[in-house]
Amino acid sequence: MEYKETVYIPEDNYGRIKVDVVIPGLTRFRDIVLEGTVIDERFPVVYNPDLCTDSLTLSNIPNYNRHFDIDVSYSGKLIEHGYGNIYIIPKDSVHSVFLMDINIKYGWFFNLFISMKMYRNSVEWRVNKYMNNLKRVAEEMYAERKEI
């Protein structure tokens, strides 16, 4: 997937993403729009210095200070339904752990062209890219805050 546009309107809990879906060697589906509800909850910061990420699961999430709840309501033929949660758990004033639980059921049209291996490679690549971008932005924001 190639992301083209992202819109988030917190007052309306509304999110919209426009992507191109590329099936290598076959075709490109242009301007696929995903719309849905995005709820961004913030809580007081509670540090979790002894947080062990090896044993972290959805059933034992410690105190977190930010939670995104995402529910896809429109996606055309790409996704039949999708929902997920992202938790941000602070370890200290500089480091945080992100826990993502994303569930997607693709539509028949998408399933017709995408094998499990292609899907896994695409998702892993996209998540790695997302996390690298998130890290870069967080480090830039931290550096700017430190200069003030």
# chains A, B, ... in the order shown; residues from 1 in each chain; ligands from 1
$ residues_around --residues "range 134-147 of chain A" --least-positions-apart "5" --cutoff "12 Å" --atoms "only C-alpha atoms" --output "short mmCIF file (atom, residue, chain, number, x, y, z; two decimals) with C-alpha atoms, in the first residue's frame"
data_model
loop_
_atom_site.label_atom_id
_atom_site.label_comp_id
_atom_site.auth_asym_id
_atom_site.auth_seq_id
_atom_site.Cartn_x
_atom_site.Cartn_y
_atom_site.Cartn_z
CA SER A 93 10.15 10.66 30.28
CA VAL A 94 11.95 9.72 27.04
CA HIS A 95 10.93 6.13 26.18
CA SER A 96 7.54 4.60 25.45
CA VAL A 97 6.25 1.23 24.30
CA PHE A 98 3.62 0.98 21.56
CA VAL A 127 4.59 -1.45 10.10
CA ASN A 128 8.39 -1.11 10.08
CA LYS A 129 8.13 2.01 7.91
#
$ select_by_dssp --residues "chain A" --states "strand (DSSP E or B)" --output "ChimeraX atom specification"
/A:2-9,14-23,27-42,66-74,79-90,96-106
$ closest_residue --among "A:Asn65, A:Val46, A:Ile79, A:Val72" --to "Asn13 in chain A" --atoms "only C-alpha atoms"
A:Val72
$ closest_atom_pairs --of "range 48-96 of chain A" --to "range 107-123 of chain A" --cutoff "12 Å" --atoms "only C-alpha atoms" --output "tab-separated table"
residue	atom	partner	partner_atom	distance
A:Tyr74	CA	A:Gly107	CA	11.8
A:Ser75	CA	A:Gly107	CA	9.4
A:Gly76	CA	A:Gly107	CA	8.8
A:Lys77	CA	A:Gly107	CA	5.8
A:Leu78	CA	A:Gly107	CA	5.5
A:Ile79	CA	A:Gly107	CA	5.0
A:Glu80	CA	A:Gly107	CA	4.7
A:His81	CA	A:Gly107	CA	8.2
A:Gly82	CA	A:Gly107	CA	10.6
$ write_last_selection --atoms "C-alpha atoms" --output "PDB file, in the first residue's frame"
ATOM      1  CA  TYR A  74     -16.123   2.470   4.672  1.00  0.00           C
ATOM      2  CA  SER A  75     -13.490   0.969   2.415  1.00  0.00           C
ATOM      3  CA  GLY A  76     -15.039   0.068  -0.904  1.00  0.00           C
ATOM      4  CA  LYS A  77     -13.926  -3.394  -2.001  1.00  0.00           C
ATOM      5  CA  LEU A  78     -10.648  -3.407  -0.102  1.00  0.00           C
ATOM      6  CA  ILE A  79     -11.643  -4.196   3.480  1.00  0.00           C
ATOM      7  CA  GLU A  80     -14.801  -5.907   4.635  1.00  0.00           C
ATOM      8  CA  HIS A  81     -14.227  -4.669   8.172  1.00  0.00           C
ATOM      9  CA  GLY A  82     -11.321  -3.420  10.242  1.00  0.00           C
TER      10      GLY A  82
END
$ residues_around --residues "range 17-31 of chain A" --least-positions-apart "6" --cutoff "7 Å" --atoms "only C-alpha atoms" --output "count of residues only"
7
$ closest_residue --among "A:Glu124, A:Asp54, A:Pro90, A:Asn48" --to "His67 in chain A" --atoms "only C-alpha atoms"
A:Pro90
$ atom_distance --atom1 "CA of Asn133 in chain A" --atom2 "CA of Ser73 in chain A"
26.0 Å
$ select_by_dssp --residues "range 5-148 of chain A" --states "helix (DSSP H, G or I)" --output "PyMOL selection string"
chain A and resi 10-12+53-55+58-60+108-113+116-147
$ residues_around --residues "Pro10 in chain A" --least-positions-apart "3" --cutoff "9 Å" --atoms "only C-alpha atoms" --output "PDB file with C-alpha atoms, in the first residue's frame"
ATOM      1  CA  ASN A  13     -13.654  11.370  15.827  1.00  0.00           C
ATOM      2  CA  TYR A  14     -13.272  11.027  12.057  1.00  0.00           C
ATOM      3  CA  GLY A  15     -10.361   9.599  10.104  1.00  0.00           C
ATOM      4  CA  VAL A  38     -10.789   7.306  15.425  1.00  0.00           C
ATOM      5  CA  ILE A  39     -11.009   7.966  19.141  1.00  0.00           C
ATOM      6  CA  ASP A  40      -7.898   9.433  20.751  1.00  0.00           C
TER       7      ASP A  40
END
$ closest_residue --among "A:Glu41, A:Asp12, A:Asp101, A:Asp92" --to "Ile61 in chain A" --atoms "only C-alpha atoms"
A:Asp101
$ decode --residues "range 4-73 of chain A" --atoms "C-alpha atoms" --output "compact mmCIF listing (two decimals), in the first residue's frame"
# COMPACT_ATOMS: atom_id res chain seq x y z
CA LYS A 4 -1.34 9.32 -0.36
CA GLU A 5 -3.44 11.32 2.08
CA THR A 6 -4.47 11.18 5.72
CA VAL A 7 -7.14 13.31 7.39
CA TYR A 8 -7.95 13.25 11.09
CA ILE A 9 -10.61 15.49 12.64
CA PRO A 10 -10.49 14.97 16.43
CA GLU A 11 -13.67 16.96 17.14
CA ASP A 12 -15.69 14.52 15.01
CA ASN A 13 -13.65 11.37 15.83
CA TYR A 14 -13.27 11.03 12.06
CA GLY A 15 -10.36 9.60 10.10
CA ARG A 16 -9.85 9.17 6.36
CA ILE A 17 -6.96 7.58 4.50
CA LYS A 18 -6.41 7.47 0.76
CA VAL A 19 -4.04 4.77 -0.55
CA ASP A 20 -2.96 3.03 -3.70
CA VAL A 21 -2.89 -0.74 -3.40
CA VAL A 22 -0.15 -2.28 -5.50
CA ILE A 23 -0.21 -5.95 -6.46
CA PRO A 24 3.33 -6.55 -7.72
CA GLY A 25 3.43 -7.72 -11.32
CA LEU A 26 -0.38 -7.50 -11.71
CA THR A 27 -1.98 -4.13 -11.16
CA ARG A 28 -2.39 -1.01 -9.05
CA PHE A 29 -5.70 0.02 -7.48
CA ARG A 30 -5.66 3.80 -7.23
CA ASP A 31 -7.24 6.10 -4.68
CA ILE A 32 -8.77 3.53 -2.33
CA VAL A 33 -10.48 5.46 0.49
CA LEU A 34 -10.82 4.15 4.04
CA GLU A 35 -13.06 6.08 6.43
CA GLY A 36 -13.85 5.42 10.02
CA THR A 37 -14.03 6.42 13.64
CA VAL A 38 -10.79 7.31 15.42
CA ILE A 39 -11.01 7.97 19.14
CA ASP A 40 -7.90 9.43 20.75
CA GLU A 41 -7.99 9.12 24.55
CA ARG A 42 -5.36 10.69 26.78
CA PHE A 43 -4.79 9.91 30.43
CA PRO A 44 -2.39 11.22 33.08
CA VAL A 45 1.15 9.95 32.52
CA VAL A 46 2.14 7.06 34.76
CA TYR A 47 5.66 5.76 34.18
CA ASN A 48 6.25 2.01 34.02
CA PRO A 49 10.06 1.74 34.49
CA ASP A 50 10.03 -2.03 35.06
CA LEU A 51 7.91 -2.77 32.00
CA CYS A 52 8.96 -6.07 30.41
CA THR A 53 7.99 -6.03 26.76
CA ASP A 54 8.67 -9.78 26.42
CA SER A 55 5.59 -10.60 28.49
CA LEU A 56 3.37 -7.71 27.39
CA THR A 57 -0.01 -8.81 26.04
CA LEU A 58 -3.43 -7.24 25.58
CA SER A 59 -4.60 -8.95 28.77
CA ASN A 60 -1.93 -7.37 31.00
CA ILE A 61 -1.57 -3.83 29.66
CA PRO A 62 -0.18 -1.57 32.39
CA ASN A 63 -1.07 2.08 32.83
CA TYR A 64 -1.01 3.90 29.52
CA ASN A 65 -1.43 7.57 28.80
CA ARG A 66 -2.74 7.43 25.23
CA HIS A 67 -5.10 5.09 23.44
CA PHE A 68 -6.37 5.16 19.87
CA ASP A 69 -9.49 3.17 19.02
CA ILE A 70 -9.96 2.78 15.26
CA ASP A 71 -13.02 1.37 13.47
CA VAL A 72 -13.20 1.31 9.65
CA SER A 73 -16.72 2.10 8.42
